[in-house]
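These notes are about the structure you will find just below.
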Amino acid sequence: MIDYTANSADAWEALCVEQFQLCSLDWAAPTFDAGLRASASSAHLSLRLLTSGPFGVSRSARDIRRHDSDDLMVVLHDAGARGRLEHKGRQSELRPGDAVIIDTTRPYAFDFPQPIQQVVLKVPHGLAGRLAPEAGRVFHASDGPLGRVLRTIVREFAELEEPIPFGSDQTKHSLEGTSLAVAAVDLVSAIYASDSSRNSELLGHAALLKSGQDFVRTRFRDPALTPSLIAEHLRISPRLLAQVFSQAGTTPASYIRDVRLEEAARLLCSPYHREVPIFDVGLRVGFADATTFTRAFKRVHGVVPSEFRADAPAVTAA
C-alpha cells in the first residue's frame with residue numbers, strides 16, 4: 001500500500017483526480033486534512049482506503065466528456081457521519097456500514113458534513129457490468145457472513161505485492177488480482193440481493209406498504225419525490241415496491257399523486273388559504289407546474305381547482 005496525505009482542499013482534489021477519475025471538489029472544511037492508502041492496482045481491481053475531513057465532491061457531465069472512465073466503484077462507507085449521495089436520478093443517505101455502486105460513466109455527487117472513513121474498490125465495467133443497473137442504490141454491507149468475507153477479500157487484495165516487471169511471475173500476480181476482483185464482484189451482488197431480500201422478509205408486504213405510505217405522507221411536498229426514492233428508503237427493488245402497492249389497488253406514482261391532491265383539496269376548502277393563489281397551492285403539495293396540477297386535479301375531482309374552491313362551502317374562520 002502507498003500512503004498519501006492532503007493538507008488542503010486543493011491537494012485533496014488533485015489526489016482524488018489522480019486516484020479515482022476527473023472530478024471537482026465542491027467544498028471542504030476550512031481546516032482540511034485527509035489521507036489515502038492506495039493498493040497495487042491490477043488490471044482488474046484497485047483498492048483505496050481513505051479518511052477525510054468534511055467535503056463535497058462531484059463528477060459532472062463535462063468532467064465525463066473531458067476524461068472518460070470505464071470503471072465501477074464500490075464505495076463502502078466504513079465509519080463517520082452520514083453523508084448524501086446523488087447518482088442516476090437518486091438522492092440517498094449513506095450511513096456507516098452502507099455501500100453503494102457508482103457508475104463513473106454517469107455524473108455523481110457526494111456530500112459529507114463530518115469526517116469519514118471509506119473503502120473504495122474500482123473494477124472495470126467489463127468485469128462488473130452486471131452491477132451497473134444497481135448503481136446509485138444504497139445497500140447494507142457490514143453485517144452477516146457475506147460482509148465479513150468481502151472485507152477479508154479487501155484485506156487480501158491490500159496485501160498483494162506491488163506490480164512487478166513484465167514476465168512469467170506477473171502471470172501469477174495477475175491471476176490473483178483477477179480472482180479477487182471476480183470474488184469481490186460476486187460478493188457485492190450477493191450482498192445486495194441478500195439485503196433486499198432480508199428487508200422484504202423482515203417487514204412483509206403489509207408492513208412495507210405502510211412504511212411506503214408513511215414515507216410518502218412525510219415527503220409528498222417535495223417535487224423530487226418518485227417511486228425510486230420510496231424503494232430506496234425501504235431498501236427494496238422498484239419491482240417489489242410496485243407489487244406491494246398493487247396489493248392495495250394502486251401504484252407508487254398514483255399514491256403520491258393522490259396524497260398531493262388530497263392535501264390540495266383540503267387547502268382549497270380551508271378558510272385560512274382562501275387568498276393563496278391556485279398555482280401556489282399546487283406548489284405547496286409537490287406539483288412542479290400549474291398545468292400538471294390542474295390536469296391531475298380535474299381528472300380526479302371533475303373540475304379545475306378554481307371551480308372546486310368556488311364551490312366549496314363557505315366556512316368562517318374562528
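Residue numbering restarts at 1 for every chain of the C-alpha cells, chains are lettered A, B, ... in their displayed order, and ligands are numbered from 1 as they appear.
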(message) as an NGL selection string, please: the residues near Ala135 (chain A) (cut-off 6 Å, only C-alpha atoms, same-chain neighbours under 4 positions excluded).
(response) :A and (101-103)
Those selected residues, please, written with N, CA, C and O atoms and delivered as a short mmCIF file (atom, residue, chain, number, x, y, z; two decimals), in the first residue's frame.
```cif
data_model
loop_
_atom_site.label_atom_id
_atom_site.label_comp_id
_atom_site.auth_asym_id
_atom_site.auth_seq_id
_atom_site.Cartn_x
_atom_site.Cartn_y
_atom_site.Cartn_z
N ILE A 101 -22.86 1.41 -5.27
CA ILE A 101 -22.14 1.20 -6.51
C ILE A 101 -22.24 2.48 -7.34
O ILE A 101 -23.33 3.03 -7.52
N ILE A 102 -21.11 2.97 -7.84
CA ILE A 102 -21.06 4.19 -8.63
C ILE A 102 -20.61 3.85 -10.05
O ILE A 102 -19.55 3.24 -10.24
N ASP A 103 -21.41 4.23 -11.02
CA ASP A 103 -21.05 4.07 -12.43
C ASP A 103 -20.36 5.36 -12.86
O ASP A 103 -21.01 6.40 -12.99
#
```
At most 12 Å is the cut-off: for each residue in region 70-139 of chain A with any atom that close to an atom of region 229-243 of chain A, write down the nearest atom pair and the distance in Å rounded to one decimal, counting only C-alpha atoms, chain first then increasing number, as a tab-separated table.
```
residue	atom	partner	partner_atom	distance
A:Leu85	CA	A:Glu232	CA	11.9
A:Glu86	CA	A:Leu229	CA	11.3
A:His87	CA	A:Leu229	CA	11.9
A:Lys88	CA	A:Leu229	CA	11.6
A:Gly89	CA	A:Leu229	CA	9.2
A:Arg90	CA	A:Leu229	CA	6.6
A:Gln91	CA	A:Leu229	CA	7.3
A:Ser92	CA	A:Glu232	CA	7.3
A:Glu93	CA	A:His233	CA	8.9
A:Leu94	CA	A:Glu232	CA	11.2
A:Asp98	CA	A:Arg235	CA	11.2
A:Val100	CA	A:Glu232	CA	11.5
A:Pro133	CA	A:Ser237	CA	11.2
A:Glu134	CA	A:Ser237	CA	9.4
A:Ala135	CA	A:Glu232	CA	11.8
A:Gly136	CA	A:Glu232	CA	9.4
A:Arg137	CA	A:Glu232	CA	6.6
A:Val138	CA	A:Glu232	CA	7.1
A:Phe139	CA	A:Arg235	CA	7.0
```
(request) For Ala109 (chain A), please output as a list in words all residues within 10 Å (counting only C-alpha atoms; exclusion window: fewer than 4 positions along the same chain). (result)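 Counting only C-alpha atoms, the residues come to Cys23, Ser24, Leu25, Asp26, Gly56, Val57, Ser58, Arg59, Ser60, Arg84, Leu85, Glu86, His87 and Gln91 of chain A.
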(message) as a VMD selection string, please: every residue in region 65-158 of chain A that DSSP puts in strand (DSSP E).
(response) chain A and resid 71 to 80 83 to 87 90 to 94 98 to 103 108 to 112 116 to 124 138 to 140
Residues at most 12 Å from Asp3 (chain A), counting only C-alpha atoms, excluding those fewer than 2 positions away in the same chain, as a PDB file with N, CA and C atoms, in the first residue's frame?
```
ATOM      1  N   MET A   1       0.852  -1.193   0.000  1.00  0.00           N
ATOM      2  CA  MET A   1       0.000   0.000   0.000  1.00  0.00           C
ATOM      3  C   MET A   1       0.892   1.248   0.000  1.00  0.00           C
ATOM      4  N   THR A   5      -1.061  11.910   1.725  1.00  0.00           N
ATOM      5  CA  THR A   5      -1.740  12.841   2.631  1.00  0.00           C
ATOM      6  C   THR A   5      -2.075  14.116   1.863  1.00  0.00           C
ATOM      7  N   ALA A   6      -3.127  14.779   2.300  1.00  0.00           N
ATOM      8  CA  ALA A   6      -3.546  16.053   1.708  1.00  0.00           C
ATOM      9  C   ALA A   6      -3.912  17.000   2.834  1.00  0.00           C
ATOM     10  N   LEU A  15      -5.518  14.826  -5.574  1.00  0.00           N
ATOM     11  CA  LEU A  15      -5.332  13.419  -5.239  1.00  0.00           C
ATOM     12  C   LEU A  15      -6.533  12.589  -5.697  1.00  0.00           C
ATOM     13  N   GLN A  19      -6.292   9.484  -8.243  1.00  0.00           N
ATOM     14  CA  GLN A  19      -6.557   8.130  -7.766  1.00  0.00           C
ATOM     15  C   GLN A  19      -7.907   7.571  -8.198  1.00  0.00           C
ATOM     16  N   ALA A  34      -6.676  15.081   4.947  1.00  0.00           N
ATOM     17  CA  ALA A  34      -7.170  13.779   4.515  1.00  0.00           C
ATOM     18  C   ALA A  34      -5.989  12.856   4.263  1.00  0.00           C
ATOM     19  N   GLY A  35      -6.281  11.570   4.284  1.00  0.00           N
ATOM     20  CA  GLY A  35      -5.265  10.572   3.988  1.00  0.00           C
ATOM     21  C   GLY A  35      -5.835   9.496   3.100  1.00  0.00           C
ATOM     22  N   LEU A  36      -4.980   8.915   2.273  1.00  0.00           N
ATOM     23  CA  LEU A  36      -5.432   7.882   1.360  1.00  0.00           C
ATOM     24  C   LEU A  36      -4.346   6.820   1.222  1.00  0.00           C
ATOM     25  N   ARG A  37      -4.763   5.559   1.317  1.00  0.00           N
ATOM     26  CA  ARG A  37      -3.850   4.434   1.095  1.00  0.00           C
ATOM     27  C   ARG A  37      -4.269   3.744  -0.194  1.00  0.00           C
ATOM     28  N   ALA A  38      -3.358   3.632  -1.122  1.00  0.00           N
ATOM     29  CA  ALA A  38      -3.662   3.047  -2.425  1.00  0.00           C
ATOM     30  C   ALA A  38      -2.983   1.696  -2.553  1.00  0.00           C
ATOM     31  N   SER A  39      -3.758   0.701  -2.986  1.00  0.00           N
ATOM     32  CA  SER A  39      -3.216  -0.628  -3.197  1.00  0.00           C
ATOM     33  C   SER A  39      -2.481  -0.674  -4.523  1.00  0.00           C
ATOM     34  N   ALA A  40      -1.759  -1.734  -4.716  1.00  0.00           N
ATOM     35  CA  ALA A  40      -1.196  -2.005  -6.027  1.00  0.00           C
ATOM     36  C   ALA A  40      -2.341  -2.363  -6.954  1.00  0.00           C
ATOM     37  N   ARG A  48      -8.738   1.569  -2.620  1.00  0.00           N
ATOM     38  CA  ARG A  48      -8.356   2.814  -1.971  1.00  0.00           C
ATOM     39  C   ARG A  48      -9.004   2.861  -0.585  1.00  0.00           C
ATOM     40  N   LEU A  49      -8.191   3.160   0.425  1.00  0.00           N
ATOM     41  CA  LEU A  49      -8.683   3.349   1.789  1.00  0.00           C
ATOM     42  C   LEU A  49      -8.498   4.821   2.117  1.00  0.00           C
ATOM     43  N   LEU A  50      -9.566   5.516   2.463  1.00  0.00           N
ATOM     44  CA  LEU A  50      -9.426   6.954   2.678  1.00  0.00           C
ATOM     45  C   LEU A  50     -10.063   7.391   3.991  1.00  0.00           C
ATOM     46  N   THR A  51      -9.458   8.375   4.581  1.00  0.00           N
ATOM     47  CA  THR A  51     -10.026   9.092   5.732  1.00  0.00           C
ATOM     48  C   THR A  51      -9.966  10.569   5.376  1.00  0.00           C
TER      49      THR A  51
END
```
(request) Fewer than 5 positions away in the same chain doesn't count, so skip those; otherwise give me all residues within 12 Å of Ala29 (chain A), counting only C-alpha atoms, as JSON, numbers by chain. (result) {"A": [7, 8, 9, 10, 12, 34, 52, 53, 54, 55, 56, 111, 112, 113, 114, 115]}
(message) Here is a test: counting only C-alpha atoms, which residue of A:Arg309, A:Arg257, A:Arg65, A:Arg82 is nearest to Phe220 (chain A)?
(response) A:Arg257
(message) With only C-alpha atoms as the counted atoms, please give the residues lying no more than 12 Å from Phe293 (chain A), apart from itself and same-chain residues fewer than 3 positions off, as a PyMOL selection string.
(response) chain A and resi 223+257-258+260-261+264-265+278-290+296-301+303-306
(message) One decimal, in Å: what's the spacing between CA of Tyr255 (chain A) and CA of Val276 (chain A)?
(response)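 So the answer is 24.9 Å.
Rounded to one decimal, CA of Ile64 (chain A) and CA of Leu121 (chain A) lie 19.3 Å from each other.
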